[in-house]
>>> print(open('upload-v4.cif').read())   # mmCIF, C-alpha atoms and all ligand atoms
data_data
#
loop_
_atom_site.label_atom_id
_atom_site.label_comp_id
_atom_site.auth_asym_id
_atom_site.auth_seq_id
_atom_site.Cartn_x
_atom_site.Cartn_y
_atom_site.Cartn_z
CA MET A 1 -3.54 -17.07 -9.56
CA ARG A 2 -1.25 -17.87 -12.50
CA GLY A 3 2.47 -17.27 -11.95
CA LEU A 4 2.41 -16.40 -8.24
CA ALA A 5 3.59 -19.62 -6.57
CA GLY A 6 7.22 -19.42 -5.52
CA LYS A 7 7.49 -15.65 -5.93
CA GLY A 8 9.38 -13.54 -3.37
CA VAL A 9 7.22 -10.72 -1.99
CA LEU A 10 7.94 -7.68 0.18
CA VAL A 11 4.87 -6.00 1.71
CA SER A 12 5.54 -2.61 3.29
CA GLY A 13 2.84 -1.72 5.77
CA GLY A 14 2.22 -5.46 5.90
CA THR A 15 1.50 -5.57 9.62
CA SER A 16 -2.06 -4.19 9.60
CA GLY A 17 -5.18 -3.68 7.51
CA ILE A 18 -4.82 -3.99 3.73
CA GLY A 19 -1.11 -4.90 3.80
CA LEU A 20 -1.63 -7.72 6.28
CA ALA A 21 -4.52 -9.06 4.19
CA ALA A 22 -2.29 -8.88 1.09
CA ALA A 23 0.49 -10.77 2.89
CA ALA A 24 -1.96 -13.53 3.91
CA ARG A 25 -3.42 -13.73 0.39
CA LEU A 26 0.01 -13.94 -1.26
CA LEU A 27 1.10 -16.61 1.23
CA GLY A 28 -2.04 -18.52 0.28
CA GLU A 29 -0.92 -18.26 -3.36
CA GLY A 30 2.38 -19.97 -2.46
CA CYS A 31 4.65 -16.90 -2.27
CA ARG A 32 7.45 -16.33 0.24
CA VAL A 33 6.48 -13.13 2.04
CA PHE A 34 8.42 -10.56 4.07
CA VAL A 35 6.34 -7.94 5.91
CA THR A 36 7.39 -4.66 7.50
CA GLY A 37 5.63 -2.12 9.68
CA HIS A 38 6.62 0.79 11.86
CA GLU A 39 6.20 -0.67 15.33
CA GLN A 40 7.10 -3.93 17.10
CA ALA A 41 3.70 -4.72 18.64
CA GLY A 42 2.04 -4.57 15.22
CA LEU A 43 4.71 -6.79 13.71
CA THR A 44 4.39 -9.37 16.48
CA GLY A 45 0.61 -9.51 16.04
CA ALA A 46 0.92 -9.74 12.26
CA LEU A 47 3.35 -12.64 12.42
CA GLU A 48 0.92 -14.44 14.73
CA THR A 49 -1.89 -13.86 12.23
CA LEU A 50 0.22 -15.10 9.32
CA ALA A 51 1.13 -18.24 11.25
CA ALA A 52 -2.49 -19.31 10.74
CA ALA A 53 -2.12 -18.86 6.97
CA ALA A 54 1.15 -20.61 6.15
CA PRO A 55 4.11 -22.62 7.48
CA ALA A 56 6.63 -20.54 9.48
CA GLU A 57 9.39 -20.91 6.89
CA MET A 58 7.29 -19.07 4.28
CA PHE A 59 7.12 -15.66 6.01
CA ALA A 60 9.15 -13.28 8.15
CA GLY A 61 9.21 -9.61 9.01
CA ALA A 62 11.03 -6.69 10.58
CA VAL A 63 10.24 -3.26 11.94
CA GLY A 64 11.27 -0.36 9.69
CA GLU A 65 10.61 3.30 8.94
CA VAL A 66 9.79 3.93 5.29
CA SER A 67 10.81 7.61 5.37
CA SER A 68 14.38 6.68 6.39
CA PRO A 69 16.77 5.73 3.55
CA GLN A 70 18.90 3.61 5.90
CA SER A 71 15.92 1.77 7.34
CA VAL A 72 14.55 1.08 3.86
CA ALA A 73 17.95 -0.23 2.73
CA ASP A 74 18.08 -2.54 5.77
CA ILE A 75 14.53 -3.84 5.20
CA VAL A 76 15.04 -4.45 1.50
CA ALA A 77 18.31 -6.34 2.19
CA LEU A 78 16.57 -8.54 4.78
CA ALA A 79 13.64 -9.19 2.45
CA GLU A 80 15.92 -10.00 -0.49
CA GLU A 81 17.80 -12.53 1.63
CA PHE A 82 14.70 -14.13 3.16
CA THR A 83 12.74 -14.44 -0.07
CA GLY A 84 15.69 -15.48 -2.21
CA GLY A 85 14.98 -12.46 -4.41
CA ILE A 86 12.13 -9.93 -4.40
CA ASP A 87 9.83 -10.45 -7.41
CA VAL A 88 6.92 -8.41 -6.06
CA LEU A 89 6.82 -5.21 -4.01
CA ALA A 90 3.49 -4.34 -2.43
CA ASN A 91 4.47 -0.72 -1.69
CA ASN A 92 1.65 -0.26 0.74
CA ALA A 93 2.76 1.63 3.90
CA GLY A 94 0.92 4.86 4.51
CA VAL A 95 -0.79 7.06 7.06
CA ALA A 96 -3.97 9.16 7.06
CA TRP A 97 -5.58 11.51 9.49
CA GLN A 98 -7.95 14.47 9.21
CA GLU A 99 -6.88 18.14 9.37
CA PRO A 100 -8.90 21.17 8.21
CA PHE A 101 -6.91 22.92 5.47
CA LEU A 102 -6.92 26.25 7.33
CA ASP A 103 -5.36 24.61 10.42
CA LEU A 104 -2.88 22.37 8.63
CA THR A 105 0.61 22.89 10.09
CA VAL A 106 3.89 22.62 8.21
CA GLU A 107 4.85 19.77 10.57
CA ALA A 108 1.70 17.77 9.75
CA TRP A 109 2.20 18.41 6.01
CA ASP A 110 5.85 17.30 6.17
CA ARG A 111 5.05 14.13 8.14
CA MET A 112 2.34 13.10 5.67
CA ILE A 113 4.59 13.68 2.66
CA ALA A 114 7.56 11.96 4.37
CA VAL A 115 5.68 8.70 4.94
CA ASN A 116 3.30 8.59 1.97
CA VAL A 117 5.52 10.02 -0.78
CA ARG A 118 9.17 9.87 0.30
CA GLY A 119 8.57 6.40 1.79
CA MET A 120 6.91 5.14 -1.39
CA PHE A 121 9.79 6.56 -3.49
CA LEU A 122 12.56 5.15 -1.27
CA MET A 123 11.05 1.68 -1.11
CA GLY A 124 10.19 1.62 -4.83
CA GLN A 125 13.64 2.79 -5.89
CA ALA A 126 15.53 0.38 -3.59
CA VAL A 127 13.56 -2.63 -4.85
CA ALA A 128 13.66 -1.53 -8.49
CA ARG A 129 17.45 -1.14 -8.32
CA LEU A 130 17.74 -4.74 -7.06
CA MET A 131 15.35 -6.06 -9.71
CA VAL A 132 17.32 -4.33 -12.47
CA ALA A 133 20.69 -5.48 -11.08
CA ASN A 134 19.44 -9.07 -10.82
CA LYS A 135 17.52 -8.93 -14.14
CA ARG A 136 14.29 -9.84 -12.34
CA ARG A 137 11.16 -9.03 -14.35
CA GLY A 138 9.19 -8.08 -11.26
CA SER A 139 6.00 -6.30 -10.33
CA ILE A 140 5.81 -3.17 -8.19
CA ILE A 141 2.39 -2.17 -6.90
CA ASN A 142 2.11 1.26 -5.31
CA MET A 143 -0.73 2.09 -2.94
CA ALA A 144 -2.50 5.36 -3.74
CA SER A 145 -6.20 6.00 -3.06
CA THR A 146 -9.26 7.48 -4.70
CA ASN A 147 -8.01 10.52 -2.72
CA GLY A 148 -5.21 10.65 -5.30
CA LEU A 149 -7.80 11.09 -8.07
CA ALA A 150 -10.24 13.50 -6.43
CA ALA A 151 -10.24 15.64 -3.27
CA GLU A 152 -11.98 14.89 0.03
CA ALA A 153 -12.56 17.58 2.68
CA LEU A 154 -10.19 17.54 5.70
CA TYR A 155 -7.55 15.63 3.73
CA ALA A 156 -5.58 18.26 1.73
CA HIS A 157 -2.29 16.74 2.94
CA TYR A 158 -3.44 13.15 2.28
CA ASN A 159 -5.09 13.97 -1.08
CA SER A 160 -1.84 15.66 -2.17
CA SER A 161 0.32 12.75 -1.03
CA LYS A 162 -1.76 10.18 -2.92
CA GLY A 163 -1.90 12.37 -6.04
CA ALA A 164 1.90 12.36 -5.91
CA VAL A 165 1.91 8.55 -5.61
CA VAL A 166 -0.19 8.27 -8.79
CA GLN A 167 2.34 10.38 -10.69
CA LEU A 168 5.33 8.61 -9.09
CA SER A 169 3.89 5.27 -10.27
CA ARG A 170 3.35 6.50 -13.83
CA SER A 171 6.92 7.83 -13.85
CA MET A 172 8.29 4.51 -12.60
CA ALA A 173 6.25 2.64 -15.21
CA VAL A 174 7.62 4.82 -18.00
CA GLU A 175 11.25 4.16 -17.00
CA LEU A 176 11.09 0.59 -15.66
CA GLY A 177 9.05 -1.02 -18.44
CA ALA A 178 12.23 -1.39 -20.51
CA HIS A 179 13.59 -3.65 -17.75
CA GLY A 180 10.49 -5.84 -17.78
CA ILE A 181 9.33 -4.46 -14.43
CA ARG A 182 5.61 -3.74 -14.33
CA VAL A 183 4.46 -0.86 -12.12
CA ASN A 184 0.83 -0.28 -11.24
CA THR A 185 -1.22 1.65 -8.70
CA ILE A 186 -4.16 0.60 -6.55
CA CYS A 187 -6.70 3.30 -5.69
CA PRO A 188 -9.06 1.99 -3.00
CA GLY A 189 -12.01 3.94 -1.74
CA TYR A 190 -13.35 3.45 1.78
CA ILE A 191 -11.97 0.20 3.25
CA GLN A 192 -12.68 -0.90 6.81
CA THR A 193 -9.22 -1.12 8.46
CA PRO A 194 -7.62 0.00 11.74
CA MET A 195 -6.68 3.27 9.98
CA ASN A 196 -10.32 4.17 9.33
CA VAL A 197 -11.46 2.92 12.73
CA GLU A 198 -8.97 5.33 14.32
CA ILE A 199 -10.03 8.25 12.07
CA ALA A 200 -13.68 7.71 13.02
CA ARG A 201 -12.74 7.46 16.70
CA ALA A 202 -10.68 10.68 16.55
CA ALA A 203 -13.63 12.43 14.88
CA GLY A 204 -15.74 11.40 17.89
CA ASN A 205 -18.31 9.52 15.85
CA PRO A 206 -17.41 5.88 15.26
CA ALA A 207 -20.70 5.16 13.48
CA LYS A 208 -20.51 8.11 11.09
CA ALA A 209 -18.04 6.62 8.62
CA LEU A 210 -20.03 3.43 8.16
CA ALA A 211 -23.23 5.41 7.71
CA TYR A 212 -21.43 7.45 5.05
CA ALA A 213 -20.39 4.26 3.29
CA ARG A 214 -23.96 2.96 3.35
CA ASP A 215 -25.40 6.20 1.96
CA PHE A 216 -22.77 7.32 -0.57
CA ILE A 217 -21.10 4.16 -1.93
CA PRO A 218 -23.25 2.57 -4.67
CA LEU A 219 -22.56 -0.95 -3.35
CA GLY A 220 -23.87 0.32 0.00
CA ARG A 221 -20.97 -0.65 2.22
CA ALA A 222 -17.31 -0.10 3.01
CA GLY A 223 -14.81 -2.41 1.37
CA ASP A 224 -12.98 -5.22 3.11
CA ALA A 225 -9.18 -5.48 3.24
CA ASP A 226 -9.39 -8.88 1.52
CA GLU A 227 -11.03 -7.23 -1.49
CA VAL A 228 -7.95 -5.03 -1.96
CA ALA A 229 -5.60 -7.93 -1.19
CA ALA A 230 -7.14 -9.75 -4.17
CA VAL A 231 -6.14 -6.84 -6.41
CA TYR A 232 -2.56 -6.97 -5.13
CA ALA A 233 -2.52 -10.67 -6.00
CA PHE A 234 -3.97 -10.05 -9.47
CA LEU A 235 -1.52 -7.25 -10.33
CA ALA A 236 1.40 -9.35 -9.06
CA SER A 237 0.33 -12.39 -11.10
CA ASP A 238 0.91 -13.34 -14.72
CA GLU A 239 -2.80 -12.72 -15.31
CA ALA A 240 -1.85 -9.01 -15.36
CA SER A 241 1.12 -9.44 -17.71
CA PHE A 242 0.11 -6.55 -20.02
CA ILE A 243 -1.17 -4.22 -17.28
CA HIS A 244 1.45 -1.54 -16.70
CA GLY A 245 1.27 2.13 -15.66
CA ALA A 246 -2.38 1.70 -14.68
CA GLU A 247 -4.50 2.87 -11.76
CA LEU A 248 -6.95 0.24 -10.57
CA VAL A 249 -9.87 1.74 -8.63
CA VAL A 250 -11.40 -0.48 -5.90
CA ASP A 251 -14.17 1.63 -4.39
CA GLY A 252 -17.60 -0.02 -4.65
CA GLY A 253 -18.55 2.54 -7.30
CA GLN A 254 -17.94 5.65 -5.18
CA ARG A 255 -16.05 7.49 -7.92
CA ALA A 256 -18.89 6.98 -10.36
CA VAL A 257 -21.29 9.08 -8.27
CA MET A 258 -22.06 12.62 -9.43
N1 LIG B 1 -8.27 2.03 4.55
C1 LIG B 1 -8.66 2.73 3.49
O1 LIG B 1 -9.82 3.10 3.36
C2 LIG B 1 -7.65 3.09 2.44
C3 LIG B 1 -8.12 3.65 1.24
C4 LIG B 1 -7.24 4.00 0.25
C5 LIG B 1 -5.89 3.80 0.44
N2 LIG B 1 -5.45 3.28 1.61
C6 LIG B 1 -4.00 3.12 1.76
O2 LIG B 1 -3.71 1.76 2.04
C7 LIG B 1 -2.52 1.66 2.80
C8 LIG B 1 -2.78 0.81 4.02
O3 LIG B 1 -3.82 1.42 4.77
P1 LIG B 1 -4.62 0.64 5.93
O4 LIG B 1 -5.96 1.22 5.93
O5 LIG B 1 -4.43 -0.80 5.79
O6 LIG B 1 -3.85 1.23 7.21
P2 LIG B 1 -3.33 0.57 8.57
O7 LIG B 1 -3.13 1.72 9.50
O8 LIG B 1 -4.20 -0.54 8.99
O9 LIG B 1 -1.88 -0.02 8.16
C9 LIG B 1 -0.83 0.87 7.84
C10 LIG B 1 0.46 0.08 7.70
O10 LIG B 1 1.52 1.00 7.33
C11 LIG B 1 2.58 0.90 8.28
N3 LIG B 1 3.21 2.21 8.45
C12 LIG B 1 2.63 3.37 8.82
N4 LIG B 1 3.54 4.35 8.94
C13 LIG B 1 4.74 3.79 8.64
C14 LIG B 1 6.06 4.29 8.59
N5 LIG B 1 6.35 5.57 8.86
N6 LIG B 1 7.07 3.42 8.25
C15 LIG B 1 6.78 2.11 7.99
N7 LIG B 1 5.56 1.60 8.01
C16 LIG B 1 4.53 2.43 8.34
C17 LIG B 1 1.94 0.41 9.56
O11 LIG B 1 2.91 -0.19 10.41
C18 LIG B 1 0.91 -0.58 9.01
O12 LIG B 1 1.54 -1.81 8.72
C19 LIG B 1 -2.10 3.10 3.12
O13 LIG B 1 -1.13 3.53 2.16
C20 LIG B 1 -3.39 3.87 2.92
O14 LIG B 1 -3.18 5.23 2.61
C21 LIG B 1 -6.29 2.91 2.62
#
>>> encode(input="upload-v4.cif", output="C-alpha cells", more="lines below")
Ligand SMILES: NC(=O)c1ccc[n+]([C@@H]2O[C@H](COP(=O)([O-])OP(=O)(O)OC[C@H]3O[C@@H](n4cnc5c(N)ncnc54)[C@H](O)[C@@H]3O)[C@@H](O)[C@H]2O)c1
Amino acid sequence: MRGLAGKGVLVSGGTSGIGLAAAARLLGEGCRVFVTGHEQAGLTGALETLAAAAPAEMFAGAVGEVSSPQSVADIVALAEEFTGGIDVLANNAGVAWQEPFLDLTVEAWDRMIAVNVRGMFLMGQAVARLMVANKRRGSIINMASTNGLAAEALYAHYNSSKGAVVQLSRSMAVELGAHGIRVNTICPGYIQTPMNVEIARAAGNPAKALAYARDFIPLGRAGDADEVAAVYAFLASDEASFIHGAELVVDGGQRAVM
C-alpha cells in the first residue's frame, strides 16, 4: 500500500490475534515492526510466527503492561530505538470477558478500564509526544469495537471501555491534527481470535459463537484477523491521507441489522 515501506511501527497487543496479523501484514508492506504483549510465552510464539513473514532484522518485541506508565514508557523507548522512529502506532492491546451487569464487581470494572482505556491513553500519549517532538507526521490507530457504538449483553464493562476509546480517539484527532498526526479508530465486529475462542470456552459452548455469527452477521460468518489487519495497513498508509478522526467499522454488516 502506498507510503508504508520503510515506516516504523509499534503494535501493542501485537503478540496474538488481530495485532499479530497486523504486525505480519505491516512487515509484508516493508515496515520495521516492534510488537508488545503482556506475557513472555505469547511474545516468544509471536516472534516465531513473524520470522516466517520477514527477515529477523525487520522486527522485534518486548513484554509490557499497557496500564503501567513506566512499562509503556519503556516499551515506547525500545520501539523508537528499534524502528528508528515510530511513524505508526497500532494501539491494539485489549481484553474482553463476559460478566452479567448485576454481578459485575468493582475489581472487574477497574481491570477492564485499566487495560482498555488507561492503556490506550498511556500508549497513545507517549507515542504522540514523541511524534510531536520529532516532527513526525504519523498515524495513530486506536482499537475500539462495534461494542463502542452499541451495547451487547454481558459486556457492560467492555462496551463502556470501547465507547471511551471512540471518544478518546476523536479527542486525540481534534488536538493532534495540527501536528500532522492522523488518528483513527477501528471498530471490528465478531473476529475469530484467541480472545473469542476463550470467551466461548468460558461460556461452556464453543460452537455457540460461530453459530451466532452464521445466523446474525449478514455475511454469514465471523471475520478473520487478516481482514482487520488490512484496515490497519490502509489507515497507516498514504491511501488514507485525508481520513482523520474517523471510526471504520469492520463487521460483515452486523451493525446494519435491525
Ligand atoms: N476479536 C474480536 O472479535 C474483536 C472485536 C472488536 C475489537 N477487538 C479488539 O481487538 C484487540 C485485539 O483483540 P484480539 O481478539 O486480537 O485479542 P487477543 O486476546 O488475541 O490479543 C490481545 C493482545 O493484547 C495483549 N494484552 C492484553 N492485555 C494486556 C495488557 N494488560 N498489557 C499489554 N498487552 C496486553 C495480549 O498480550 C495480546 O497481544 C482488543 O483491543 C479487542 O478488544 C477484538
>>> atom_distance(input="upload-v4.cif", atom1="CA of Val76 in chain A", atom2="CA of Ala126 in chain A")
7.0 Å
>>> residues_around(input="upload-v4.cif", residues="range 83-86 of chain A", least_positions_apart="5", cutoff="8 Å", atoms="all atoms listed in the file", output="MDAnalysis selection string")
chainID A and resid 7:10 32:34 127 131 138
>>> closest_residue(input="upload-v4.cif", among="A:Met195, A:Ala21, A:Ala56, A:Ala5", to="Ala230 in chain A", atoms="only C-alpha atoms")
A:Ala21
>>> atom_distance(input="upload-v4.cif", atom1="atom C21 of ligand LIG 1 (chain B)", atom2="CA of Arg25 in chain A")
17.0 Å
>>> closest_residue(input="upload-v4.cif", among="A:Asp238, A:Glu198, A:Glu247, A:Glu48", to="ligand LIG 1 (chain B)", atoms="all atoms listed in the file")
A:Glu198
>>> atom_distance(input="upload-v4.cif", atom1="CA of Asp215 in chain A", atom2="CA of Tyr232 in chain A")
27.3 Å
>>> decode(input="upload-v4.cif", residues="range 199-213 of chain A", atoms="all heavy atoms", output="PDB file, in the first residue's frame")
ATOM      1  N   ILE A 199     -13.544 -16.796  25.233  1.00  0.00           N
ATOM      2  CA  ILE A 199     -14.869 -16.374  25.730  1.00  0.00           C
ATOM      3  C   ILE A 199     -15.890 -17.488  25.502  1.00  0.00           C
ATOM      4  O   ILE A 199     -16.685 -17.807  26.393  1.00  0.00           O
ATOM      5  CB  ILE A 199     -15.304 -15.058  25.038  1.00  0.00           C
ATOM      6  CG1 ILE A 199     -14.453 -13.897  25.563  1.00  0.00           C
ATOM      7  CG2 ILE A 199     -16.786 -14.779  25.275  1.00  0.00           C
ATOM      8  CD1 ILE A 199     -14.644 -12.583  24.804  1.00  0.00           C
ATOM      9  N   ALA A 200     -15.843 -18.103  24.321  1.00  0.00           N
ATOM     10  CA  ALA A 200     -16.784 -19.185  24.015  1.00  0.00           C
ATOM     11  C   ALA A 200     -16.530 -20.390  24.926  1.00  0.00           C
ATOM     12  O   ALA A 200     -17.470 -21.031  25.412  1.00  0.00           O
ATOM     13  CB  ALA A 200     -16.659 -19.580  22.548  1.00  0.00           C
ATOM     14  N   ARG A 201     -15.239 -20.666  25.177  1.00  0.00           N
ATOM     15  CA  ARG A 201     -14.896 -21.786  26.057  1.00  0.00           C
ATOM     16  C   ARG A 201     -15.399 -21.527  27.482  1.00  0.00           C
ATOM     17  O   ARG A 201     -16.014 -22.386  28.102  1.00  0.00           O
ATOM     18  CB  ARG A 201     -13.377 -21.996  26.070  1.00  0.00           C
ATOM     19  CG  ARG A 201     -12.922 -23.295  26.716  1.00  0.00           C
ATOM     20  CD  ARG A 201     -11.491 -23.229  27.206  1.00  0.00           C
ATOM     21  NE  ARG A 201     -11.258 -22.145  28.148  1.00  0.00           N
ATOM     22  CZ  ARG A 201     -11.629 -22.149  29.429  1.00  0.00           C
ATOM     23  NH1 ARG A 201     -12.267 -23.190  29.927  1.00  0.00           N
ATOM     24  NH2 ARG A 201     -11.384 -21.111  30.209  1.00  0.00           N
ATOM     25  N   ALA A 202     -15.184 -20.295  27.982  1.00  0.00           N
ATOM     26  CA  ALA A 202     -15.618 -19.951  29.340  1.00  0.00           C
ATOM     27  C   ALA A 202     -17.135 -20.004  29.462  1.00  0.00           C
ATOM     28  O   ALA A 202     -17.673 -20.302  30.533  1.00  0.00           O
ATOM     29  CB  ALA A 202     -15.090 -18.559  29.716  1.00  0.00           C
ATOM     30  N   ALA A 203     -17.834 -19.717  28.366  1.00  0.00           N
ATOM     31  CA  ALA A 203     -19.307 -19.775  28.379  1.00  0.00           C
ATOM     32  C   ALA A 203     -19.801 -21.217  28.280  1.00  0.00           C
ATOM     33  O   ALA A 203     -21.000 -21.474  28.368  1.00  0.00           O
ATOM     34  CB  ALA A 203     -19.863 -18.945  27.224  1.00  0.00           C
ATOM     35  N   GLY A 204     -18.871 -22.162  28.067  1.00  0.00           N
ATOM     36  CA  GLY A 204     -19.227 -23.582  28.054  1.00  0.00           C
ATOM     37  C   GLY A 204     -19.871 -24.036  26.769  1.00  0.00           C
ATOM     38  O   GLY A 204     -20.492 -25.105  26.720  1.00  0.00           O
ATOM     39  N   ASN A 205     -19.758 -23.243  25.713  1.00  0.00           N
ATOM     40  CA  ASN A 205     -20.380 -23.620  24.448  1.00  0.00           C
ATOM     41  C   ASN A 205     -19.538 -23.113  23.281  1.00  0.00           C
ATOM     42  O   ASN A 205     -19.846 -22.090  22.666  1.00  0.00           O
ATOM     43  CB  ASN A 205     -21.800 -23.028  24.376  1.00  0.00           C
ATOM     44  CG  ASN A 205     -22.559 -23.538  23.165  1.00  0.00           C
ATOM     45  OD1 ASN A 205     -21.987 -24.205  22.299  1.00  0.00           O
ATOM     46  ND2 ASN A 205     -23.840 -23.240  23.107  1.00  0.00           N
ATOM     47  N   PRO A 206     -18.456 -23.832  22.974  1.00  0.00           N
ATOM     48  CA  PRO A 206     -17.534 -23.362  21.947  1.00  0.00           C
ATOM     49  C   PRO A 206     -18.194 -23.145  20.585  1.00  0.00           C
ATOM     50  O   PRO A 206     -17.744 -22.299  19.812  1.00  0.00           O
ATOM     51  CB  PRO A 206     -16.493 -24.488  21.859  1.00  0.00           C
ATOM     52  CG  PRO A 206     -16.660 -25.298  23.082  1.00  0.00           C
ATOM     53  CD  PRO A 206     -18.068 -25.103  23.568  1.00  0.00           C
ATOM     54  N   ALA A 207     -19.258 -23.874  20.292  1.00  0.00           N
ATOM     55  CA  ALA A 207     -19.873 -23.764  18.967  1.00  0.00           C
ATOM     56  C   ALA A 207     -20.855 -22.594  18.886  1.00  0.00           C
ATOM     57  O   ALA A 207     -21.195 -22.124  17.799  1.00  0.00           O
ATOM     58  CB  ALA A 207     -20.609 -25.058  18.640  1.00  0.00           C
ATOM     59  N   LYS A 208     -21.288 -22.090  20.056  1.00  0.00           N
ATOM     60  CA  LYS A 208     -22.368 -21.106  20.060  1.00  0.00           C
ATOM     61  C   LYS A 208     -21.996 -19.813  19.319  1.00  0.00           C
ATOM     62  O   LYS A 208     -22.789 -19.266  18.554  1.00  0.00           O
ATOM     63  CB  LYS A 208     -22.731 -20.774  21.512  1.00  0.00           C
ATOM     64  CG  LYS A 208     -23.955 -19.897  21.643  1.00  0.00           C
ATOM     65  CD  LYS A 208     -24.288 -19.671  23.096  1.00  0.00           C
ATOM     66  CE  LYS A 208     -25.321 -18.560  23.223  1.00  0.00           C
ATOM     67  NZ  LYS A 208     -25.478 -18.119  24.591  1.00  0.00           N
ATOM     68  N   ALA A 209     -20.771 -19.335  19.559  1.00  0.00           N
ATOM     69  CA  ALA A 209     -20.381 -18.057  18.976  1.00  0.00           C
ATOM     70  C   ALA A 209     -20.360 -18.131  17.454  1.00  0.00           C
ATOM     71  O   ALA A 209     -20.809 -17.215  16.765  1.00  0.00           O
ATOM     72  CB  ALA A 209     -19.018 -17.647  19.509  1.00  0.00           C
ATOM     73  N   LEU A 210     -19.859 -19.240  16.916  1.00  0.00           N
ATOM     74  CA  LEU A 210     -19.804 -19.346  15.465  1.00  0.00           C
ATOM     75  C   LEU A 210     -21.207 -19.492  14.875  1.00  0.00           C
ATOM     76  O   LEU A 210     -21.496 -18.971  13.797  1.00  0.00           O
ATOM     77  CB  LEU A 210     -18.912 -20.517  15.058  1.00  0.00           C
ATOM     78  CG  LEU A 210     -17.418 -20.229  15.251  1.00  0.00           C
ATOM     79  CD1 LEU A 210     -16.579 -21.458  14.917  1.00  0.00           C
ATOM     80  CD2 LEU A 210     -16.960 -19.045  14.408  1.00  0.00           C
ATOM     81  N   ALA A 211     -22.084 -20.171  15.603  1.00  0.00           N
ATOM     82  CA  ALA A 211     -23.468 -20.275  15.136  1.00  0.00           C
ATOM     83  C   ALA A 211     -24.121 -18.896  15.139  1.00  0.00           C
ATOM     84  O   ALA A 211     -24.849 -18.535  14.207  1.00  0.00           O
ATOM     85  CB  ALA A 211     -24.251 -21.231  16.046  1.00  0.00           C
ATOM     86  N   TYR A 212     -23.812 -18.111  16.157  1.00  0.00           N
ATOM     87  CA  TYR A 212     -24.328 -16.730  16.222  1.00  0.00           C
ATOM     88  C   TYR A 212     -23.855 -15.943  15.005  1.00  0.00           C
ATOM     89  O   TYR A 212     -24.643 -15.245  14.347  1.00  0.00           O
ATOM     90  CB  TYR A 212     -23.840 -16.057  17.512  1.00  0.00           C
ATOM     91  CG  TYR A 212     -24.146 -14.587  17.569  1.00  0.00           C
ATOM     92  CD1 TYR A 212     -25.380 -14.137  18.054  1.00  0.00           C
ATOM     93  CD2 TYR A 212     -23.234 -13.653  17.107  1.00  0.00           C
ATOM     94  CE1 TYR A 212     -25.677 -12.787  18.076  1.00  0.00           C
ATOM     95  CE2 TYR A 212     -23.522 -12.297  17.123  1.00  0.00           C
ATOM     96  CZ  TYR A 212     -24.735 -11.868  17.612  1.00  0.00           C
ATOM     97  OH  TYR A 212     -25.028 -10.535  17.629  1.00  0.00           O
ATOM     98  N   ALA A 213     -22.571 -16.078  14.699  1.00  0.00           N
ATOM     99  CA  ALA A 213     -22.015 -15.351  13.550  1.00  0.00           C
ATOM    100  C   ALA A 213     -22.741 -15.753  12.269  1.00  0.00           C
ATOM    101  O   ALA A 213     -23.101 -14.907  11.449  1.00  0.00           O
ATOM    102  CB  ALA A 213     -20.515 -15.632  13.439  1.00  0.00           C
TER     103      ALA A 213
END
